[in-house]
Amino acid sequence: MSKMEFKAESKKLLDLMINSIYTHKEIFLRELISNANDAIDKLYFRSLTDQTVGLAREDFEIKLAVDRDARTLTISDNGIGMTREELENNLGTIAKSGSLDFKQQNELDDNVDVIGQFGVGFYSAFMVSERVVVETRAFGSEEAYRWESTGVDGYTIDPCEKDSFGTTITLWIKPNGEEEYDEFLDQYRIQGLVKKYSDYIRYPIRMEMSTSKVKEGTGVDGKDPEYETVSELRTLNSMIPIWRKQKSELTDDDYNRFYQEKFYDFQNPLKVIHTKTEGSATYSALLYIPAQVPYNYYSKDFEKGLQLYTSSVMIMEKCADLLPDYFSFVRGIVDSEDLSLNISRETLQHDRQLKLIAKSLEKKIKSELQKMLKTDRETYLKFYQNFGLQLKYGLYSDYGVHKEELKDLVLFYSSSEQKLVTLAEYVERMKEDQKAIYYASGDAVEHIDHLPQVEMVKDKGYEILYLTDDIDEFALQMLQTYQDKPFQSVSSANLDLETEEEKKENQKQEEEYQPLFDAMKETLGDKVKAVRLSNKLKSHPVCLTNDGMISLEMEKVLNAMPNNQKVKAERVLEINASHPIFEKLKALKDQDSDKLAAYTNILYTQACMIEGLPVEDPVAYANEVCKLLLDETK
Ligand code: ADP
């Protein structure tokens with residue numbers, strides 16, 4: 001059979017493997033064992049419905065063999081095997097599973113732990129081998145095939161003899177050179193690698209090991225013992241999945257390694273939650289909160305879900321029903337004996353047991369997050385940076401039904417503390433006379449801090465929550481109150497900060513200046529609902545506020561959404577009566593109505609700009625200002 005070329009990408013990966021300076025060459029064994037495991041899984045599943053398989057659960061095994069003289073390491077399984085076509089497709093091209101994206105790969109520099117990042121699979125064999133032979137026979141087929149390759153210059157596939165179905169992979173281990181490879185011919189080293197990486201594999205991994213034993217009949221009656229080398233078949237893995245082990249048996253390293261391998265993350269998780277629960281829902285769960293936001297997390301491509309096992313056999317890769325949307329960032333595994341093995345996706349959804357497990361998991365995740373918030377604020381802040389947005393969406397979604405679960409987990413930036421605070425912390429600090437939890441919205445903390453309407457509230461000594469995410473105001477509106485304190489925007493028309501006396505005084509002034517405000521309102525037309533005397537401005541002449549439920553910030557957000565009807569906040573232009581410009585306006589009211597109109601337009605446009613709202617007609621605005629400047633110099 002003539003030599004075949006690897007597909008282009010495979011070649012690149014092979015190059016990378018062969019010339020790898022990667023320090024963890026040892027992972028090749030984990031990769032090959034995990035492939036063997038998958039192949040057995042496939043056949044085992046089949047055996048549940050197909051009598052002709054003729055194997056029971058305990059008949060499946062993975063076998064390792066070391067031959068020091070021949071310098072070979074062999075990995076065999078009695079799994080599903082591969083047909084000729086599969087052999088070609090699977091081992092002639094790379095990353096069928098999509099675990100490795102080459103575009104991304106090429107952009108990474110050498111320092112990045114490329115191989116550790118992805119499950120690189122079969123090709124990792126070339127990190128330690130100068131020649132690899134795969135002999136395989138697919139279940140149900142009479143024909144067996146032999147795939148052979150020494151690396152980049154291609155591979156051959158020929159028919160061969162094989163007694164039974166399954167796959168045998170033989171590695172010809174590289175000679176020692178600058179780097180040492182002999183270790184992979186050492187049975188104890190191999191045993192150690194299995195323990196380290198593949199201990200939880202559910203099928204036995206067996207190896208013929210030669211050990212020294214005292215010869216029978218020797219070493220008695222004061223005579224020296226004689227030794228003989230005997231060979232015995234040992235099972236190297238405990239077959240207990242990590243999540244079924246006791247916490248005390250496991251180190252941080254065990255948890256982290258398992259996470260990285262299982263979920264293809266190259267960073268350690270931010271948080272590990274390992275829990276066993278008994279009672280109405282009985283399960284073991286190993287949950288992780290990633291340290292980084294998955295690249296597609298905030299897109300509709302993202303699929304939430306936990307891996308679901310029953311009695312240590314996986315039944316679903318991503319069970320979405322186990323996680324509420326607001327905790328969709330959690331990754332992990334749930335294993336419960338309460339579920340039946342051949343449960344289907346459809347029946348699973350209605351499974352009472354599954355619902356109980358989901359409820360219990362949700363509680364657990366929440367309490368772990370609360371604990372973290374209390375005892376490890378720094379980590380919580382990292383978490384919140386990544387996934388806080390999701391919690392706030394959770395507050396808002398489904399008409400606020402989850403608000404009780406989430407209200408103590410959200411944080412907002414505080415004007416007085418200048419950092420993120422909880423609502424409880426805010427309420428704790430509230431002044432005696434303070435009626436509401438104040439907030440202000442904008443696109444960035446610095447911008448909000450300079451809003452005219454923020455000044456007065458701050459001056460009163462009240463803390464303000466600065467809302468910078470689009471969802472924030474919607475979330476707070478859904479919440480309505482926290483510990484019976486209402487939320488109030490500093491931009492709302494009825495801020496109610498004045499004393500009774502001040503209120504009376506304002507009322508008087510409002511009446512007195514009504515004709516001026518009416519004139520201004522007439523100039524602005526539909527742009528505003530009203531022009532009013534402000535009770536919240538200090539050093540600024542004007543600001544824009546709103547009547548009603550929809551704030552200016554919400555208007556911006558809603559109008560930016562696709563397919564949304566245009567909404568409009570009810571804008572109110574507020575004027576500061578103690579600002580010098582007010583005297584000017586009063587004077588113009590009696591003297592020059594054209595100029596009053598020009599002033600009104602300019603002040604309105606400025607108020608819009610301060611709010612970060614678009615200027616409707618920048619040219620008209622520029623012309624008006626220019627005209628005024630010219631008047632000034634006359
Ligand atoms: P991955 O395991 O990520 O899919 P690999 O390169 O490790 O990528 O393997 C490619 C494919 O080759 C596997 O998906 C599987 O279909 C097949 N394969 C590898 N090893 C075996 C095996 N021992 N038995 C059967 N099929 C195998």
# chains A, B, ... in the order shown; residues from 1 in each chain; ligands from 1
$ residues_around --residues "region 303-318 of chain A" --least-positions-apart "3" --cutoff "9 Å" --atoms "only C-alpha atoms" --output "JSON, numbers by chain"
{"A": [41, 202, 240, 241, 244, 287, 297, 300, 321, 322, 323, 324, 325, 327, 328, 329, 330, 331, 332, 333, 334, 335, 336, 337, 338, 339, 340, 341, 342, 343, 344, 345]}
$ residues_around --residues "region 438-449 of chain A" --least-positions-apart "4" --cutoff "10 Å" --atoms "only C-alpha atoms" --output "NGL selection string"
:A and (412-415 or 418 or 426 or 434 or 453-455 or 457-458 or 462-470 or 472-473 or 476 or 485-492 or 495 or 551-554 or 610-612)
$ write_last_selection --atoms "C-alpha atoms" --output "PDB file, in the first residue's frame"
ATOM      1  CA  PHE A 412     -22.932  47.944  42.584  1.00  0.00           C
ATOM      2  CA  TYR A 413     -20.367  50.697  42.625  1.00  0.00           C
ATOM      3  CA  SER A 414     -20.792  53.045  45.576  1.00  0.00           C
ATOM      4  CA  SER A 415     -20.163  56.801  45.353  1.00  0.00           C
ATOM      5  CA  GLN A 418     -15.649  53.983  45.640  1.00  0.00           C
ATOM      6  CA  TYR A 426     -25.618  50.109  51.527  1.00  0.00           C
ATOM      7  CA  GLN A 434     -32.645  58.832  54.264  1.00  0.00           C
ATOM      8  CA  GLN A 453     -28.116  65.766  39.569  1.00  0.00           C
ATOM      9  CA  VAL A 454     -25.659  63.676  41.554  1.00  0.00           C
ATOM     10  CA  GLU A 455     -24.158  66.669  43.306  1.00  0.00           C
ATOM     11  CA  VAL A 457     -27.625  63.983  46.813  1.00  0.00           C
ATOM     12  CA  LYS A 458     -23.955  63.535  47.517  1.00  0.00           C
ATOM     13  CA  TYR A 462     -26.192  60.106  50.902  1.00  0.00           C
ATOM     14  CA  GLU A 463     -24.455  57.245  49.179  1.00  0.00           C
ATOM     15  CA  ILE A 464     -25.333  56.696  45.518  1.00  0.00           C
ATOM     16  CA  LEU A 465     -25.066  53.474  43.566  1.00  0.00           C
ATOM     17  CA  TYR A 466     -23.572  54.114  40.159  1.00  0.00           C
ATOM     18  CA  LEU A 467     -25.115  51.846  37.553  1.00  0.00           C
ATOM     19  CA  THR A 468     -22.942  51.253  34.522  1.00  0.00           C
ATOM     20  CA  ASP A 469     -24.350  48.108  32.931  1.00  0.00           C
ATOM     21  CA  ASP A 470     -27.346  48.334  30.621  1.00  0.00           C
ATOM     22  CA  ASP A 472     -28.754  47.512  36.029  1.00  0.00           C
ATOM     23  CA  GLU A 473     -31.683  49.878  36.112  1.00  0.00           C
ATOM     24  CA  LEU A 476     -33.370  47.356  40.270  1.00  0.00           C
ATOM     25  CA  LYS A 485     -36.237  50.625  51.193  1.00  0.00           C
ATOM     26  CA  PRO A 486     -37.322  51.766  47.757  1.00  0.00           C
ATOM     27  CA  PHE A 487     -34.822  52.393  44.996  1.00  0.00           C
ATOM     28  CA  GLN A 488     -34.817  55.883  43.624  1.00  0.00           C
ATOM     29  CA  SER A 489     -32.995  57.403  40.703  1.00  0.00           C
ATOM     30  CA  VAL A 490     -31.324  60.743  41.385  1.00  0.00           C
ATOM     31  CA  SER A 491     -32.747  61.733  38.008  1.00  0.00           C
ATOM     32  CA  SER A 492     -36.343  61.137  38.902  1.00  0.00           C
ATOM     33  CA  LEU A 495     -36.569  63.191  44.440  1.00  0.00           C
ATOM     34  CA  SER A 551     -35.449  56.743  32.514  1.00  0.00           C
ATOM     35  CA  LEU A 552     -33.186  58.356  29.963  1.00  0.00           C
ATOM     36  CA  GLU A 553     -30.716  55.532  30.452  1.00  0.00           C
ATOM     37  CA  MET A 554     -33.381  52.905  29.871  1.00  0.00           C
ATOM     38  CA  ILE A 610     -24.328  65.980  29.818  1.00  0.00           C
ATOM     39  CA  GLU A 611     -26.635  62.962  29.852  1.00  0.00           C
ATOM     40  CA  GLY A 612     -24.739  61.440  26.970  1.00  0.00           C
TER      41      GLY A 612
END
$ closest_residue --among "A:Lys538, A:Lys568, A:Lys503, A:Arg532" --to "Lys460 (chain A)" --atoms "only C-alpha atoms"
A:Lys538
$ select_by_dssp --residues "region 462-624 of chain A" --states "strand (DSSP E or B)" --output "PyMOL selection string"
chain A and resi 464-467+481-482+485-489+492+530-533+542-547+570-575
$ atom_distance --atom1 "CA of Gln606 (chain A)" --atom2 "CA of Ala475 (chain A)"
29.0 Å
$ residues_around --residues "region 221-233 of chain A" --least-positions-apart "4" --cutoff "7 Å" --atoms "only C-alpha atoms" --output "ChimeraX atom specification"
/A:206-215
$ closest_residue --among "A:Asn89, A:Thr74, A:Thr282, A:Gln51" --to "ligand 1" --atoms "only C-alpha atoms and all ligand atoms"
A:Asn89
$ select_by_dssp --residues "region 320-426 of chain A" --states "alpha helix (DSSP H)" --output "PyMOL selection string"
chain A and resi 345-349+352-375+377-396+403-406+423-426
